[in-house]
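Report on one structure; see the data block that follows.
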Amino acid sequence: MQYILVADDNKDITDILSVYIKREGYEPLIAADGEVAEKLFDTYEPVAVLLDVMMPYRDGYEVCKSIRKRSKVPIILITARGEDYEKIMGLDIGADDYIVKPFSPGEVMARLRAILRRLNTDTQNEDKDITSIGNITINLKEYSCVIGKENVSLTKKEIETMWLFVSNPDKVFTRDTLLDRLWGFDYYGDTRTVDSHIKRLRAKIDKYEHKGWNLKTVWGVGYKLESV
């Protein structure tokens with residue numbers, strides 16, 4: 001039996017999501033607070049997590065960060081707060097997607113299916129998990145980034161971004177393409193999400209010498225990893 005963890009202190013929401021989860025062939029695990037959510041996660045090892053941000057004891061951001069330290073399981077944050085900076089923060093701490101209340105249960109499941117499909121595709125292509133150019137190596141299986149001999153601490157989304165760039169040197173990615181490839185075709189964000197994300201990523205990688213590559217802005221278009 002494969003489980004999906006739903007953590008939300010609103011019983012109406014957990015009840016309806018449970019119905020939809022069962023229709024997809026999974027067994028729901030229900031938690032009304034962050035502490036119970038982590039206990040259920042460690043006990044049952046669910047294949048995905050639907051995580052409300054505002055919960056008692058430990059909020060969704062704390063739980064997300066804690067789970068991400070030990071697992072790459074898909075995490076979708078669900079919250080009533082829809083400000084861009086909160087969405088970006090959720091994605092940067094390791095969430096795979098972010099849905100704002102009120103929402104359609106069908107939409108939640110569609111996003112979950114899309115994430116699980118991408119995960120299955122990655123699993124089937126493990127030989128492509130390691131890519132490098134110059135002195136940078138990205139390991140998507142271990143979610144690691146090494147520049148020279150230094151391990152660079154990046155978030156899950158930042159690792160995926162660099163893997164995409166390093167795997168496609170000199171290819172220009174538009175902001176819309178990056179939203180699609182990294183956040184999913186049904187992510188309701190805008191190009192400011194990409195620009196903010198790249199700005200934080202650059203602040204981390206620019207501390208190291210770039211030998212044979214450079215992350216460049218293509219003005220009016222998007223970004224590319226230039227081989228030099």
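Ligands are numbered from 1 in the order shown, chains are lettered A, B, ... in the order of the structure tokens, and residues start at 1 in each chain.
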
Per DSSP on the backbone, filter stretch 74-216 of chain A down to the residues in helix (DSSP H, G or I) and report them as number ranges by chain.
A: 84-92, 105-124, 126-128, 156-167, 175-183, 191-205

At a cut-off of 12 Å, using only C-alpha atoms, what residues contact stretch 16-20 of chain A? Leave out same-chain residues fewer than 2 positions from it and give the result as a VMD selection string.
chain A and resid 3 to 8 10 to 14 22 to 31 49 to 51 78 103 to 110 112 to 113

Just the residues within 10 Å of stretch 164-168 of chain A, please, counting only C-alpha atoms, with nothing from its chain fewer than 6 positions along; format it as an MDAnalysis selection string.
chainID A and resid 128:134 136:138 140 158 178 181:182 213:215 223:227

Store the residues of this selection in a file with C-alpha atoms, as a PDB file, in the first residue's frame.
ATOM      1  CA  LYS A 128      21.415  11.123 -16.433  1.00  0.00           C
ATOM      2  CA  ASP A 129      21.527  12.117 -12.785  1.00  0.00           C
ATOM      3  CA  ILE A 130      25.103  13.432 -12.909  1.00  0.00           C
ATOM      4  CA  THR A 131      26.100  16.263 -15.206  1.00  0.00           C
ATOM      5  CA  SER A 132      29.090  18.603 -15.267  1.00  0.00           C
ATOM      6  CA  ILE A 133      30.806  21.366 -17.173  1.00  0.00           C
ATOM      7  CA  GLY A 134      34.120  22.970 -16.273  1.00  0.00           C
ATOM      8  CA  ILE A 136      30.890  22.314 -11.580  1.00  0.00           C
ATOM      9  CA  THR A 137      29.172  18.965 -11.091  1.00  0.00           C
ATOM     10  CA  ILE A 138      25.487  18.468 -10.296  1.00  0.00           C
ATOM     11  CA  LEU A 140      20.481  15.033  -9.146  1.00  0.00           C
ATOM     12  CA  GLU A 158      18.263  25.425  -6.953  1.00  0.00           C
ATOM     13  CA  LEU A 178      11.871  27.769 -16.653  1.00  0.00           C
ATOM     14  CA  ARG A 181      10.286  22.939 -16.460  1.00  0.00           C
ATOM     15  CA  LEU A 182      11.025  23.694 -12.809  1.00  0.00           C
ATOM     16  CA  TRP A 213      31.074  28.224 -17.350  1.00  0.00           C
ATOM     17  CA  ASN A 214      29.078  31.263 -16.350  1.00  0.00           C
ATOM     18  CA  LEU A 215      25.384  31.806 -15.615  1.00  0.00           C
ATOM     19  CA  TYR A 223      18.972  32.838 -18.851  1.00  0.00           C
ATOM     20  CA  LYS A 224      21.654  30.432 -20.028  1.00  0.00           C
ATOM     21  CA  LEU A 225      24.758  28.678 -18.742  1.00  0.00           C
ATOM     22  CA  GLU A 226      27.499  29.904 -21.050  1.00  0.00           C
ATOM     23  CA  SER A 227      30.487  27.649 -21.685  1.00  0.00           C
TER      24      SER A 227
END

Can you check which residues of stretch 10-177 of chain A DSSP gives as strand (DSSP E) on the backbone and send them as a PyMOL selection string?
chain A and resi 27-31+48-52+75-79+97-100+130-133+136-139+144-147+150-152+173-174

Just-selected residues, N, CA and C atoms written as a CSV table (one decimal), in the first residue's frame:
chain,number,residue,atom,x,y,z
A,27,GLU,N,-3.6,5.4,-0.1
A,27,GLU,CA,-4.2,5.4,1.2
A,27,GLU,C,-3.8,6.7,1.9
A,28,PRO,N,-4.8,7.5,2.4
A,28,PRO,CA,-4.5,8.8,3.0
A,28,PRO,C,-4.0,8.6,4.5
A,29,LEU,N,-3.0,9.4,4.9
A,29,LEU,CA,-2.6,9.5,6.3
A,29,LEU,C,-3.0,10.9,6.7
A,30,ILE,N,-3.7,11.1,7.8
A,30,ILE,CA,-4.2,12.4,8.2
A,30,ILE,C,-3.6,12.9,9.5
A,31,ALA,N,-3.1,14.1,9.4
A,31,ALA,CA,-2.5,14.8,10.6
A,31,ALA,C,-3.1,16.1,10.8
A,48,ALA,N,4.1,11.0,-1.1
A,48,ALA,CA,3.9,12.4,-1.3
A,48,ALA,C,3.3,13.0,0.0
A,49,VAL,N,3.4,14.3,0.1
A,49,VAL,CA,2.9,15.0,1.3
A,49,VAL,C,2.2,16.3,0.8
A,50,LEU,N,0.9,16.4,1.3
A,50,LEU,CA,0.1,17.6,1.1
A,50,LEU,C,0.1,18.4,2.5
A,51,LEU,N,0.7,19.5,2.5
A,51,LEU,CA,1.1,20.1,3.8
A,51,LEU,C,0.5,21.5,3.9
A,52,ASP,N,-0.4,21.7,4.9
A,52,ASP,CA,-0.9,23.1,5.2
A,52,ASP,C,0.2,23.9,5.9
A,75,ILE,N,6.5,17.3,-2.1
A,75,ILE,CA,5.8,18.1,-1.1
A,75,ILE,C,5.0,19.2,-1.7
A,76,ILE,N,3.7,19.3,-1.5
A,76,ILE,CA,2.9,20.4,-2.0
A,76,ILE,C,2.4,21.1,-0.8
A,77,LEU,N,2.7,22.4,-0.7
A,77,LEU,CA,2.2,23.3,0.4
A,77,LEU,C,0.9,23.8,0.0
A,78,ILE,N,0.0,23.8,1.0
A,78,ILE,CA,-1.4,24.4,0.8
A,78,ILE,C,-1.6,25.4,1.9
A,79,THR,N,-2.1,26.6,1.5
A,79,THR,CA,-2.2,27.7,2.5
A,79,THR,C,-3.2,28.7,2.0
A,97,ASP,N,5.6,22.3,-5.0
A,97,ASP,CA,4.5,23.1,-5.5
A,97,ASP,C,3.8,23.8,-4.4
A,98,TYR,N,2.9,24.8,-4.7
A,98,TYR,CA,2.3,25.6,-3.7
A,98,TYR,C,0.9,25.9,-4.2
A,99,ILE,N,-0.1,25.6,-3.4
A,99,ILE,CA,-1.5,25.8,-3.8
A,99,ILE,C,-2.2,26.7,-2.8
A,100,VAL,N,-2.9,27.7,-3.3
A,100,VAL,CA,-3.6,28.7,-2.4
A,100,VAL,C,-5.0,28.3,-2.2
A,130,ILE,N,23.9,12.7,-13.1
A,130,ILE,CA,25.1,13.4,-12.9
A,130,ILE,C,25.5,14.2,-14.2
A,131,THR,N,25.7,15.5,-14.1
A,131,THR,CA,26.1,16.3,-15.2
A,131,THR,C,27.1,17.3,-14.8
A,132,SER,N,28.0,17.7,-15.7
A,132,SER,CA,29.1,18.6,-15.3
A,132,SER,C,29.6,19.4,-16.5
A,133,ILE,N,30.1,20.5,-16.2
A,133,ILE,CA,30.8,21.4,-17.2
A,133,ILE,C,31.9,22.2,-16.4
A,136,ILE,N,32.1,22.5,-12.3
A,136,ILE,CA,30.9,22.3,-11.6
A,136,ILE,C,30.3,21.0,-11.9
A,137,THR,N,29.8,20.3,-10.9
A,137,THR,CA,29.2,19.0,-11.1
A,137,THR,C,27.9,19.0,-10.3
A,138,ILE,N,26.8,18.6,-11.0
A,138,ILE,CA,25.5,18.5,-10.3
A,138,ILE,C,25.1,17.0,-10.3
A,139,ASN,N,24.7,16.5,-9.1
A,139,ASN,CA,24.3,15.1,-8.9
A,139,ASN,C,22.8,15.2,-8.5
A,144,SER,N,23.2,17.2,-4.9
A,144,SER,CA,24.5,17.9,-4.5
A,144,SER,C,25.0,18.7,-5.6
A,145,CYS,N,25.7,19.8,-5.2
A,145,CYS,CA,26.4,20.6,-6.2
A,145,CYS,C,27.9,20.8,-5.7
A,146,VAL,N,28.8,20.5,-6.6
A,146,VAL,CA,30.2,20.6,-6.3
A,146,VAL,C,30.9,21.6,-7.3
A,147,ILE,N,31.5,22.7,-6.8
A,147,ILE,CA,32.2,23.6,-7.6
A,147,ILE,C,33.7,23.5,-7.2
A,150,GLU,N,34.6,22.1,-3.7
A,150,GLU,CA,33.7,22.6,-2.6
A,150,GLU,C,32.3,22.2,-2.8
A,151,ASN,N,31.7,21.6,-1.7
A,151,ASN,CA,30.3,21.3,-1.8
A,151,ASN,C,29.5,22.6,-1.5
A,152,VAL,N,28.6,22.9,-2.4
A,152,VAL,CA,27.8,24.2,-2.3
A,152,VAL,C,26.4,23.8,-1.8
A,173,PHE,N,17.1,29.6,-22.0
A,173,PHE,CA,15.8,29.2,-21.4
A,173,PHE,C,15.1,30.5,-21.1
A,174,THR,N,13.9,30.6,-21.7
A,174,THR,CA,13.0,31.8,-21.4
A,174,THR,C,12.5,31.6,-20.0

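Nearest residue to A:Thr161 among A:Val53, A:Lys211, A:Asp180, A:Ile21 is A:Asp180, counting only C-alpha atoms.
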
Report, in Å to a single decimal, how far apart atom CA of A:Met89 and atom CA of A:Arg58 are.
16.5 Å

As a check of understanding: the span from atom CA of A:Val228 to atom CA of A:Lys157 is 24.9 Å

Which polymer residues have any atom within 8 Å of an atom of A:Val63, counting only C-alpha atoms, with same-chain residues fewer than 3 positions away left out, as a VMD selection string?
chain A and resid 34 37 to 38 58 to 60 66 to 67

Could you dump the residues just selected with N, CA and C atoms as a compact mmCIF listing (two decimals), in the first residue's frame?
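And here's part-v7.txt as it stands now:
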# COMPACT_ATOMS: atom_id res chain seq x y z
N GLY A 34 1.57 19.73 12.99
CA GLY A 34 2.88 19.45 12.42
C GLY A 34 3.62 18.32 13.10
N ALA A 37 2.23 15.08 11.90
CA ALA A 37 2.61 14.90 10.50
C ALA A 37 3.99 14.27 10.39
N GLU A 38 4.94 14.76 11.17
CA GLU A 38 6.30 14.21 11.10
C GLU A 38 6.35 12.78 11.61
N ARG A 58 3.81 22.83 15.02
CA ARG A 58 4.86 23.09 14.02
C ARG A 58 4.17 23.46 12.72
N ASP A 59 4.56 24.61 12.15
CA ASP A 59 3.88 25.01 10.92
C ASP A 59 4.43 24.25 9.72
N GLY A 60 3.77 24.45 8.58
CA GLY A 60 4.13 23.68 7.39
C GLY A 60 5.53 23.96 6.90
N SER A 66 12.15 20.11 7.67
CA SER A 66 12.58 18.91 8.40
C SER A 66 12.53 17.68 7.50
N ILE A 67 11.43 17.50 6.77
CA ILE A 67 11.30 16.34 5.87
C ILE A 67 12.34 16.40 4.77

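Compared by their closest atoms to A:Asn135, and using only C-alpha atoms, the residues A:Glu209, A:Asp170, A:Asp195, A:Asp176 rank with A:Glu209 nearest.
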
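The closest residue to A:His210, picked from A:Pro169, A:Gly148, A:Pro56, A:Gly222 and counting only C-alpha atoms, is A:Gly148.
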
Residue neighbourhood A:Ser196, 10 Å, only C-alpha atoms, exclusion window fewer than 4 positions, as a ChimeraX atom specification:
/A:85,88,191-192,200-201

Output N, CA and C atoms of each residue in that selection to a file, as a PDB file, in the first residue's frame.
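Result file out_13.pdb:
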ATOM      1  N   TYR A  85       6.093  36.352  -2.063  1.00  0.00           N
ATOM      2  CA  TYR A  85       7.290  36.047  -1.283  1.00  0.00           C
ATOM      3  C   TYR A  85       7.098  34.775  -0.454  1.00  0.00           C
ATOM      4  N   ILE A  88       7.508  31.820  -2.873  1.00  0.00           N
ATOM      5  CA  ILE A  88       8.922  31.628  -3.189  1.00  0.00           C
ATOM      6  C   ILE A  88       9.651  31.001  -2.012  1.00  0.00           C
ATOM      7  N   THR A 191       6.863  35.494 -14.058  1.00  0.00           N
ATOM      8  CA  THR A 191       8.297  35.485 -14.320  1.00  0.00           C
ATOM      9  C   THR A 191       9.108  36.119 -13.198  1.00  0.00           C
ATOM     10  N   ARG A 192       8.468  36.903 -12.335  1.00  0.00           N
ATOM     11  CA  ARG A 192       9.198  37.452 -11.187  1.00  0.00           C
ATOM     12  C   ARG A 192       9.687  36.337 -10.266  1.00  0.00           C
ATOM     13  N   ARG A 200      18.836  34.679  -6.050  1.00  0.00           N
ATOM     14  CA  ARG A 200      19.322  34.006  -4.838  1.00  0.00           C
ATOM     15  C   ARG A 200      20.315  32.909  -5.186  1.00  0.00           C
ATOM     16  N   LEU A 201      20.067  32.209  -6.287  1.00  0.00           N
ATOM     17  CA  LEU A 201      20.993  31.163  -6.727  1.00  0.00           C
ATOM     18  C   LEU A 201      22.358  31.755  -7.050  1.00  0.00           C
TER      19      LEU A 201
END

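You will find atom CA of A:Val194 at 26.2 Å from atom CA of A:Arg70.
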
From the list A:Trp163, A:Lys149, A:Asp33, A:Trp183, which residue is nearest A:Ala95 when using only C-alpha atoms?
A:Trp183

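Residue nearest A:Tyr44, chosen from A:Thr193, A:Thr155, A:Thr217, A:Gln2 and counting only C-alpha atoms: A:Gln2.
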
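Among the candidates A:Val218, A:Ile115, A:Leu179, A:Met162, the residue lying nearest to A:Lys72 is A:Ile115 (atoms considered: only C-alpha atoms).
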